[in-house]
>>> print(open('my_file_14.cif').read())   # mmCIF, C-alpha atoms
data_target
#
loop_
_atom_site.label_atom_id
_atom_site.label_comp_id
_atom_site.auth_asym_id
_atom_site.auth_seq_id
_atom_site.Cartn_x
_atom_site.Cartn_y
_atom_site.Cartn_z
CA MET M 1 -9.70 -21.42 -8.34
CA ARG M 2 -11.57 -18.53 -6.76
CA VAL M 3 -11.27 -14.81 -7.50
CA LEU M 4 -12.58 -12.07 -5.22
CA LEU M 5 -13.11 -8.63 -6.68
CA SER M 6 -13.94 -5.46 -4.83
CA GLY M 7 -15.23 -2.14 -6.06
CA PHE M 8 -16.25 0.99 -4.24
CA GLU M 9 -19.54 2.76 -3.69
CA GLY M 10 -19.91 6.31 -4.96
CA PHE M 11 -18.15 9.23 -3.28
CA ALA M 12 -17.76 13.00 -3.69
CA GLU M 13 -18.72 13.80 -7.31
CA VAL M 14 -18.60 10.14 -8.42
CA THR M 15 -22.13 8.90 -7.77
CA ASP M 16 -21.85 5.69 -9.83
CA ASN M 17 -18.39 4.35 -9.14
CA PRO M 18 -16.81 2.78 -12.26
CA SER M 19 -14.77 0.45 -10.03
CA TRP M 20 -17.96 -1.28 -8.87
CA GLU M 21 -19.28 -1.47 -12.43
CA ALA M 22 -16.01 -3.07 -13.59
CA ALA M 23 -15.99 -5.53 -10.67
CA GLN M 24 -19.53 -6.64 -11.50
CA ALA M 25 -18.64 -7.00 -15.18
CA VAL M 26 -15.69 -9.26 -14.28
CA CYS M 27 -17.91 -11.36 -11.99
CA ALA M 28 -20.40 -11.75 -14.84
CA LYS M 29 -17.59 -13.10 -17.08
CA ARG M 30 -15.98 -15.48 -14.58
CA LYS M 31 -17.92 -18.31 -12.93
CA ASP M 32 -15.25 -18.58 -10.22
CA ALA M 33 -15.52 -14.94 -9.13
CA ALA M 34 -17.29 -13.18 -6.26
CA CYS M 35 -17.74 -9.44 -5.75
CA VAL M 36 -17.93 -7.21 -2.72
CA ARG M 37 -18.90 -3.53 -2.75
CA LEU M 38 -16.94 -1.47 -0.26
CA PRO M 39 -17.61 1.85 1.45
CA VAL M 40 -15.30 4.76 0.69
CA CYS M 41 -14.21 4.95 4.34
CA TYR M 42 -10.73 4.65 5.80
CA GLY M 43 -10.37 1.44 7.79
CA THR M 44 -13.92 0.22 7.18
CA ALA M 45 -13.25 -0.66 3.53
CA GLY M 46 -10.30 -2.82 4.58
CA GLU M 47 -12.29 -4.49 7.37
CA ARG M 48 -15.07 -5.41 4.92
CA LEU M 49 -12.58 -6.76 2.42
CA ARG M 50 -10.88 -8.86 5.12
CA GLU M 51 -14.31 -10.26 6.08
CA ALA M 52 -14.96 -11.22 2.45
CA ILE M 53 -11.51 -12.81 2.18
CA ALA M 54 -12.12 -14.88 5.33
CA ARG M 55 -15.52 -15.95 3.99
CA GLU M 56 -14.56 -16.67 0.36
CA ARG M 57 -10.96 -17.94 0.83
CA PRO M 58 -9.91 -16.76 -2.66
CA GLU M 59 -6.73 -17.60 -4.50
CA LEU M 60 -6.66 -14.11 -6.00
CA VAL M 61 -8.02 -10.78 -4.77
CA ILE M 62 -8.29 -7.86 -7.16
CA ALA M 63 -9.36 -4.64 -5.52
CA LEU M 64 -10.58 -1.93 -7.87
CA GLY M 65 -10.78 1.81 -7.45
CA VAL M 66 -11.41 4.75 -9.73
CA ALA M 67 -8.94 7.40 -10.86
CA MET M 68 -11.15 9.64 -12.99
CA THR M 69 -8.30 11.67 -14.52
CA ARG M 70 -6.29 8.69 -15.74
CA GLN M 71 -6.46 7.62 -19.36
CA LYS M 72 -5.80 3.90 -18.87
CA VAL M 73 -6.37 0.96 -16.54
CA THR M 74 -3.51 1.10 -14.05
CA PRO M 75 -2.36 -1.75 -11.80
CA GLU M 76 -0.64 -0.36 -8.71
CA LYS M 77 2.90 -1.46 -7.77
CA LEU M 78 2.81 -0.53 -4.07
CA ALA M 79 0.77 0.71 -1.14
CA ILE M 80 2.11 3.14 1.43
CA ASN M 81 1.45 3.28 5.16
CA TYR M 82 0.04 6.78 4.92
CA ARG M 83 -3.38 8.45 4.82
CA TYR M 84 -3.74 11.96 3.43
CA ALA M 85 -6.41 13.65 1.33
CA ALA M 86 -7.96 17.01 0.60
CA ILE M 87 -11.47 15.53 0.66
CA PRO M 88 -13.22 13.54 3.38
CA ASP M 89 -14.18 9.91 3.07
CA ASN M 90 -17.88 8.99 3.11
CA ALA M 91 -17.87 8.96 6.92
CA GLY M 92 -16.73 12.59 6.93
CA PHE M 93 -13.12 11.90 7.99
CA THR M 94 -10.35 13.88 6.28
CA ALA M 95 -6.99 12.15 6.71
CA GLN M 96 -4.10 14.48 7.41
CA GLY M 97 -1.06 12.23 7.60
CA GLU M 98 -1.99 9.23 9.75
CA ALA M 99 -0.56 5.75 9.33
CA VAL M 100 -2.77 3.04 7.87
CA CYS M 101 -1.23 0.62 10.38
CA ALA M 102 0.81 1.94 13.30
CA GLY M 103 4.19 0.22 13.32
CA GLY M 104 3.66 -1.36 9.90
CA PRO M 105 6.18 -1.14 7.07
CA GLU M 106 6.31 2.21 5.26
CA ALA M 107 5.41 0.53 1.96
CA ILE M 108 4.42 -2.91 0.71
CA PHE M 109 5.08 -3.95 -2.87
CA CYS M 110 2.81 -6.14 -4.95
CA SER M 111 4.64 -9.41 -5.62
CA LEU M 112 2.98 -10.03 -8.99
CA PRO M 113 4.92 -9.25 -12.21
CA LEU M 114 2.89 -6.17 -13.08
CA GLU M 115 5.54 -4.71 -15.40
CA ASP M 116 5.43 -7.88 -17.53
CA TRP M 117 1.64 -7.83 -17.57
CA VAL M 118 1.58 -4.21 -18.73
CA ARG M 119 4.02 -5.04 -21.56
CA VAL M 120 1.89 -7.99 -22.69
CA LEU M 121 -1.43 -6.15 -22.47
CA SER M 122 -0.05 -3.00 -24.13
CA GLY M 123 1.30 -5.21 -26.91
CA GLU M 124 -2.25 -6.51 -27.36
CA GLY M 125 -3.42 -2.93 -27.82
CA LYS M 126 -5.08 -2.65 -24.40
CA PRO M 127 -5.16 0.73 -22.64
CA VAL M 128 -2.97 -0.23 -19.66
CA ALA M 129 -0.14 1.51 -17.82
CA LEU M 130 1.74 0.75 -14.63
CA SER M 131 1.20 3.09 -11.69
CA VAL M 132 3.75 3.15 -8.90
CA SER M 133 1.51 4.11 -5.98
CA ALA M 134 -2.19 3.92 -5.15
CA GLY M 135 -2.00 7.44 -3.69
CA SER M 136 -3.00 8.25 -0.10
CA TYR M 137 -6.81 8.24 -0.14
CA VAL M 138 -9.07 5.25 0.62
CA CYS M 139 -7.78 3.24 -2.38
CA ASN M 140 -4.29 3.17 -0.91
CA ASP M 141 -5.69 2.48 2.56
CA LEU M 142 -7.50 -0.57 1.18
CA TYR M 143 -4.47 -1.73 -0.83
CA TYR M 144 -2.18 -1.56 2.20
CA THR M 145 -4.70 -3.64 4.17
CA LEU M 146 -5.03 -6.09 1.25
CA LEU M 147 -1.28 -6.64 0.97
CA ARG M 148 -1.00 -7.22 4.74
CA ALA M 149 -3.91 -9.71 4.59
CA GLN M 150 -2.16 -11.46 1.67
CA MET M 151 0.71 -12.32 4.02
CA GLU M 152 -1.75 -13.76 6.54
CA TYR M 153 -4.08 -15.69 4.21
CA GLY M 154 -1.68 -16.68 1.41
CA PHE M 155 -3.64 -15.44 -1.62
CA LYS M 156 -2.30 -13.33 -4.49
CA GLY M 157 -3.48 -9.73 -4.44
CA LEU M 158 -3.36 -6.52 -6.40
CA PHE M 159 -5.07 -3.17 -6.74
CA VAL M 160 -6.14 -1.71 -10.09
CA HIS M 161 -7.42 1.79 -10.80
CA VAL M 162 -9.93 2.16 -13.63
CA PRO M 163 -10.44 5.52 -15.35
CA ASP M 164 -13.59 7.42 -16.17
CA PRO M 165 -15.79 5.13 -18.33
CA GLY M 166 -15.66 7.77 -21.07
CA LYS M 167 -11.97 6.90 -21.45
CA VAL M 168 -12.17 3.11 -20.89
CA SER M 169 -15.59 1.49 -20.61
CA ALA M 170 -16.44 -0.82 -17.71
CA GLY M 171 -16.66 -3.68 -20.22
CA GLU M 172 -13.20 -3.02 -21.65
CA ALA M 173 -11.77 -2.56 -18.14
CA ALA M 174 -13.36 -5.90 -17.19
CA GLN M 175 -11.68 -7.63 -20.15
CA ILE M 176 -8.30 -6.26 -19.05
CA ILE M 177 -8.88 -7.30 -15.45
CA CYS M 178 -9.95 -10.79 -16.58
CA ARG M 179 -6.66 -11.08 -18.50
CA MET M 180 -4.76 -10.02 -15.37
CA ALA M 181 -6.60 -12.71 -13.40
CA GLU M 182 -5.62 -15.30 -16.02
CA MET M 183 -1.97 -14.23 -15.80
CA ALA M 184 -2.04 -14.37 -11.98
CA LEU M 185 -3.56 -17.83 -11.68
#
>>> encode(input="my_file_14.cif", output="C-alpha cells")
Amino acid sequence: MRVLLSGFEGFAEVTDNPSWEAAQAVCAKRKDAACVRLPVCYGTAGERLREAIARERPELVIALGVAMTRQKVTPEKLAINYRYAAIPDNAGFTAQGEAVCAGGPEAIFCSLPLEDWVRVLSGEGKPVALSVSAGSYVCNDLYYTLLRAQMEYGFKGLFVHVPDPGKVSAGEAAQIICRMAEMAL
C-alpha cells in the first residue's frame, strides 16, 4: 500500500504554500507515503507528478493545492480540459483558453465516492465540503493530467484543495486527508 502526495511551491502572494505543508504533514503521519513538491507551472507540474508516479508506483495519488478563500478542505469532483487564469504561472505564462490536452475529453470525473466521504467527514465534525471543479489554473491542469495518468497506471487518484491555514491548519487538513486515504484504500 503506497500513497503519493503532491503539494505546490509558492506562487503569486502565497510564499509558503499550505498544500505543501499539508502534504508533508500527511507524509509524516503515514509510513507508506511519499511526497513530491511541484512547480506552479502549466504542464511542468503534471510532468513532474507523472515522473513521481512512474518512480513510486503508488496505489493512491492525492494531489493538493491551495484555495485561500475557501473555508474548508475541498475534494474536487472533476477536472476540465481548459486552461485560463488572470495571473501567470511561475514560468510567466498566462493561460487564455488553451486545452490541457489537445483532443482529450472535455472533463474527467474522479471515480472515488467523494460525496459519501464528505458526508462521513462532515458527520465527524471535520471542515470538509465537496467542490465540483478544480478551476482552470495550474491545480486543474495538474488534476486533468493526474486523472489521465490514472487510466494509464491503474492507481486511484484525487485532487484536494486546502484553505488558508488560518481557516484550517495544515495539521487538521492532514488529518482529513489521511482519513480520505483510509477510505480510498
>>> residues_near_point(input="my_file_14.cif", point="(-11.2, 3.5, -12.8)", cutoff="8 Å", atoms="all atoms listed in the file", output="list in words")
Pro18, Ser19, Leu64, Gly65, Val66, Ala67, Met68, Arg70, Val73, Val160, His161, Val162, Pro163, Asp164 and Pro165 of chain M
>>> closest_residue(input="my_file_14.cif", among="M:Ser122, M:Tyr42, M:Gln150, M:Ser133", to="M:Lys72", atoms="only C-alpha atoms")
M:Ser122
>>> residues_around(input="my_file_14.cif", residues="M:Ala22", least_positions_apart="6", cutoff="9 Å", atoms="only C-alpha atoms", output="MDAnalysis selection string")
chainID M and resid 7 64 162 169:174 177
>>> closest_residue(input="my_file_14.cif", among="M:Lys167, M:Arg148, M:Arg83, M:Arg179", to="M:Glu124", atoms="all atoms listed in the file")
M:Arg179
>>> residues_around(input="my_file_14.cif", residues="M:Ala95", least_positions_apart="3", cutoff="8 Å", atoms="all atoms listed in the file", output="list of chain:residue names")
M:Arg83, M:Tyr84, M:Ala85, M:Ala86, M:Pro88, M:Glu98, M:Tyr137
>>> write_last_selection(input="my_file_14.cif", atoms="C-alpha atoms", output="PDB file, keeping the file's coordinate frame")
ATOM      1  CA  ARG M  83      -3.380   8.450   4.820  1.00  0.00           C
ATOM      2  CA  TYR M  84      -3.740  11.960   3.430  1.00  0.00           C
ATOM      3  CA  ALA M  85      -6.410  13.650   1.330  1.00  0.00           C
ATOM      4  CA  ALA M  86      -7.960  17.010   0.600  1.00  0.00           C
ATOM      5  CA  PRO M  88     -13.220  13.540   3.380  1.00  0.00           C
ATOM      6  CA  GLU M  98      -1.990   9.230   9.750  1.00  0.00           C
ATOM      7  CA  TYR M 137      -6.810   8.240  -0.140  1.00  0.00           C
TER       8      TYR M 137
END
>>> resolve_selection(input="my_file_14.cif", expression="the PyMOL selection byres ((chain M and resi 182) around 12)", output="list in words")
Met1, Arg2, Val3, Val26, Arg30, Asp32, Glu59, Leu60, Ile62, Trp117, Leu121, Gln175, Ile176, Ile177, Cys178, Arg179, Met180, Ala181, Met183, Ala184 and Leu185 of chain M
>>> residues_around(input="my_file_14.cif", residues="M:Arg57", least_positions_apart="2", cutoff="12 Å", atoms="all atoms listed in the file", output="list in words")
Met1, Arg2, Val3, Leu4, Asp32, Ala33, Ala34, Leu49, Arg50, Glu51, Ala52, Ile53, Ala54, Arg55, Glu59, Leu60, Val61, Ala149, Gln150, Glu152, Tyr153, Gly154, Phe155 and Lys156 of chain M
>>> resolve_selection(input="my_file_14.cif", expression="the PyMOL selection byres ((chain M and resi 99-102) around 8)", output="list in words")
Gly43, Asn81, Tyr82, Arg83, Gly97, Glu98, Gly103, Gly104, Asp141, Tyr144 and Thr145 of chain M
>>> closest_residue(input="my_file_14.cif", among="M:Ala63, M:Asp89, M:Leu146, M:Gln24", to="M:Gly10", atoms="only C-alpha atoms")
M:Asp89
>>> resolve_selection(input="my_file_14.cif", expression="the PyMOL selection byres ((chain M and resi 118) around 10)", output="ChimeraX atom specification")
/M:73-75,113-117,119-124,126-130,180
>>> axis_aligned_box(input="my_file_14.cif", around="stretch 170-184 of chain M", padding_each_side="5 Å", output="lines of an AutoDock Vina configuration file")
center_x = -9.3
center_y = -8.1
center_z = -16.8
size_x = 24.7
size_y = 24.5
size_z = 19.7
>>> atom_distance(input="my_file_14.cif", atom1="atom CA of M:Ser111", atom2="atom CA of M:Glu56")
21.4 Å
>>> residues_around(input="my_file_14.cif", residues="M:Cys41", least_positions_apart="3", cutoff="7 Å", atoms="all atoms listed in the file", output="list in words")
Thr44, Ala45, Asp89, Asn90, Ala91 and Val138 of chain M
>>> closest_residue(input="my_file_14.cif", among="M:Glu9, M:Ile80, M:Thr15, M:Trp20", to="M:Ala107", atoms="all atoms listed in the file")
M:Ile80
>>> atom_distance(input="my_file_14.cif", atom1="atom CA of M:Cys27", atom2="atom CA of M:Gly46")
20.1 Å
>>> atom_distance(input="my_file_14.cif", atom1="atom CA of M:Asn140", atom2="atom CA of M:Pro39")
13.6 Å
>>> closest_residue(input="my_file_14.cif", among="M:Val14, M:Leu5, M:Leu112, M:Ala79", to="M:Ser136", atoms="only C-alpha atoms")
M:Ala79
